[in-house]
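Engineer: The structure follows.
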Amino acid sequence: MENVSAVTSFILTAYIELEDHRYLYFICFLLLYIMIIVANSVLITVIYIERGLHEPMYLFICSLAVNGIFGSTSLLPSMLVFLLSHSYEISLTQCLLQIYCLHSYVYVEFTILAVMSYDRYVAICHPLHYHLLMSPKKLYAAITLSWVIPFIYFALIFIMTVQLTFCGKIIEKVYCANFPLVKLSCFDTNVQNILALASTFVSPLTQILMILFSYGQIFRICLFASKESQTKAIRTCTPHLLTLINFSVGILFEVIQSRFNMSHVPQKARIFLSVHMGIFPPLFNPVIYGISIQVIKDQIFRWFSSKKISEPHPM
């Protein structure tokens, strides 16, 4: 076997396309990041403080908000640094860490959404057994496993990437991703590519099947329910469906862009669509749930109103 000079850093060349308005992009992404942190933090704080919101649905929403902060923090701070930098070089260690965080964020998001769909299924289809099937013990187990299993699952896949030696330096993105990095390996990676592609669909497919089953059962029950029950079911499920669609669109584009030739799509459009998953779901999830779920909206309004009243007035 011939000697190979291993690469220990990479160049994220997509930032070159953003150089013409780098400061404008920096301000926009910074504002988006601040909005994500503030919106999700308010939602988490309100659910944590208000004991009336310590119900399964709201604790799952809280978990979703925590993951939103985790995902956006895995992406945006590094983007902000590179936008102000004249060097777009990222070390192998930083690249691997970002890949692990971003991919784990995606798997956790899908898992939480799947568990939330099951929660809605139990609440609508088995209301009399809801507190038995979603007892506090089962609830906390579901929340814990929705984080632990995705992290372990991707770690087992990611071991193959960590063990590779890399010869190429160019990653045509604004962040590190697993498949573009694997393509830079010095050796044949067909086996890794097949396993990675299979794992990309196996895990989300399991969650998607759970979601389809849950909504299939909800739809079946609603066909024979009263208009009032149908309206209540639609109102309950709409925020979850909007969240699921918003996240899935971003992930679908990223998978297509990573695996297929997208040169016919303008470079800037590809850049902004590729960061959709780390920006728009974390930004819109707290807005969707804060506006559409009356109980959360009332608690947020009451929380801020009481804070304003409690502030001392100047003499």
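Naming works like this for the structure tokens: A, B, ... for the chains as they're shown, residue 1 at the start of each chain, ligands 1 onward in shown order.
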Find the residues around Phe219 of chain A up to 10 Å (only C-alpha atoms counted), leave out those fewer than 2 positions away in its own chain, and share them as an MDAnalysis selection string.

Structural biologist: chainID A and resid 121 124:125 213:217 221:225 230 233:234

Engineer: From segment 41-217 of chain A, collect each residue whose DSSP state is alpha helix (DSSP H) and return the set as a VMD selection string.

Structural biologist: chain A and resid 41 to 49 56 to 83 92 to 125 130 to 133 136 to 162 178 to 182 190 to 217

Engineer: Can you tell me, as a ChimeraX atom specification, what residues are no more than 6 Å from Glu89 of chain A when counting only C-alpha atoms, ignoring any on the same chain fewer than 2 positions away?

Structural biologist: /A:10-11,87

Engineer: Which residues of segment 74-146 of chain A sit at most 12 Å from segment 255-272 of chain A, using only C-alpha atoms? Give each one's shortest atom pair and distance in Å (one decimal place), in chain and ascending residue order, as a tab-separated table.

Structural biologist:
residue	atom	partner	partner_atom	distance
A:Met79	CA	A:Ile271	CA	11.6
A:His103	CA	A:Val255	CA	11.7
A:Val106	CA	A:Val255	CA	11.8

Engineer: For the residues selected in the previous step, produce a file with N, CA, C and O atoms as a tab-separated table (two decimals), in the first residue's frame.

Structural biologist:
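The result, written out as out-v1.tsv:
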chain	number	residue	atom	x	y	z
A	79	MET	N	-21.03	29.35	11.53
A	79	MET	CA	-21.29	30.15	10.33
A	79	MET	C	-20.96	31.62	10.57
A	79	MET	O	-20.39	32.28	9.71
A	103	HIS	N	-26.15	15.68	12.83
A	103	HIS	CA	-26.87	14.46	12.49
A	103	HIS	C	-27.66	13.93	13.69
A	103	HIS	O	-28.78	13.44	13.53
A	106	VAL	N	-30.85	15.85	13.99
A	106	VAL	CA	-31.87	15.42	13.03
A	106	VAL	C	-32.58	14.16	13.52
A	106	VAL	O	-33.81	14.08	13.51

Engineer: Quick check, in Å to one decimal: how far apart do atom CA of Leu133 of chain A and atom CA of Val46 of chain A lie?

Structural biologist: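 Atom-to-atom, atom CA of Leu133 of chain A to atom CA of Val46 of chain A, that is 25.5 Å.
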
Engineer: Leaving out Thr144 of chain A and any residue of its chain fewer than 6 positions from it, which residues lie within 12 Å of it when counting only C-alpha atoms, given as a PyMOL selection string?

Structural biologist: chain A and resi 59-60+63+108+111-112+115+137-138+150-151

Engineer: Once you count only C-alpha atoms, what closest atom pair and distance in Å to one decimal does each residue of segment 104-186 of chain A within 6 Å of segment 12-34 of chain A have, with rows by chain and rising residue number, as a tab-separated table?

Structural biologist:
residue	atom	partner	partner_atom	distance
A:Ile171	CA	A:Leu12	CA	5.0
A:Glu172	CA	A:Thr13	CA	5.1
A:Lys173	CA	A:Ala14	CA	4.8
A:Val174	CA	A:Ala14	CA	5.4

Engineer: Quick one, how far is atom CA of Asn178 of chain A from atom CA of Thr161 of chain A?

Structural biologist: 7.5 Å

Engineer: Can you list every residue in segment 83-274 of chain A that DSSP puts in strand (DSSP E), as an MDAnalysis selection string?

Structural biologist: chainID A and resid 89:91 170:171

Engineer: Limited to C-alpha atoms, could you put the picked residues into a file as a PDB file, in the first residue's frame?

Structural biologist:
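File part-v1.pdb, as written:
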ATOM      1  CA  GLU A  89     -10.554  26.245   7.077  1.00  0.00           C
ATOM      2  CA  ILE A  90     -11.982  23.884   9.681  1.00  0.00           C
ATOM      3  CA  SER A  91      -9.984  21.254  11.556  1.00  0.00           C
ATOM      4  CA  ILE A 170     -12.592  20.787  -0.306  1.00  0.00           C
ATOM      5  CA  ILE A 171     -16.121  20.612   1.135  1.00  0.00           C
TER       6      ILE A 171
END

Engineer: Please report the interatomic distance between atom CA of Ala65 of chain A and atom CA of Val287 of chain A in Å with one decimal.

Structural biologist: 10.7 Å

Engineer: Which is closest to Val162 of chain A among A:Met116, A:Met134, A:Leu195, A:Ile99, if we use only C-alpha atoms?

Structural biologist: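 Using only C-alpha atoms, the shortest distance to Val162 of chain A belongs to A:Ile99.
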
Engineer: Fewer than 5 positions away in the same chain doesn't count, so skip those; otherwise give me all residues within 8 Å of Leu164 of chain A, counting only C-alpha atoms, as a short mmCIF file (atom, residue, chain, number, x, y, z; two decimals) with C-alpha atoms, in the first residue's frame.

Structural biologist:
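Written file, out15.cif:
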data_model
loop_
_atom_site.label_atom_id
_atom_site.label_comp_id
_atom_site.auth_asym_id
_atom_site.auth_seq_id
_atom_site.Cartn_x
_atom_site.Cartn_y
_atom_site.Cartn_z
CA VAL A 182 -16.65 10.46 3.37
CA SER A 185 -11.46 9.55 1.85
CA CYS A 186 -8.17 8.28 0.38
#

Engineer: Pick out the closest residue to Val295 of chain A from this set: A:His276, A:Leu184, A:Thr236, A:Ile194. Count only C-alpha atoms.

Structural biologist: A:Thr236

Engineer: Find the residues around Thr73 of chain A up to 9 Å (only C-alpha atoms counted), leave out those fewer than 5 positions away in its own chain, and share them as a PyMOL selection string.

Structural biologist: chain A and resi 33+37+68+78+278

Engineer: Out of A:Ile211, A:Cys167, A:Ile157, A:Ala141, which residue has the shortest atom-to-atom distance to Ala196 of chain A when counting only C-alpha atoms?

Structural biologist: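 Checking each candidate against Ala196 of chain A, we get A:Ile157 as the closest.
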
Engineer: Which residue is closest to Met277 of chain A? Choose from A:Trp147, A:Phe301, A:Tyr130, A:Phe110 and count only C-alpha atoms.

Structural biologist: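 Of all the options, A:Phe110 lies closest to Met277 of chain A.
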
Engineer: Using only C-alpha atoms, which residue out of A:Ile293, A:Leu113, A:Leu53, A:Met160 lies closest to Ser248 of chain A?

Structural biologist: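 Looking only at the distances to Ser248 of chain A, the closest residue turns out to be A:Leu113.
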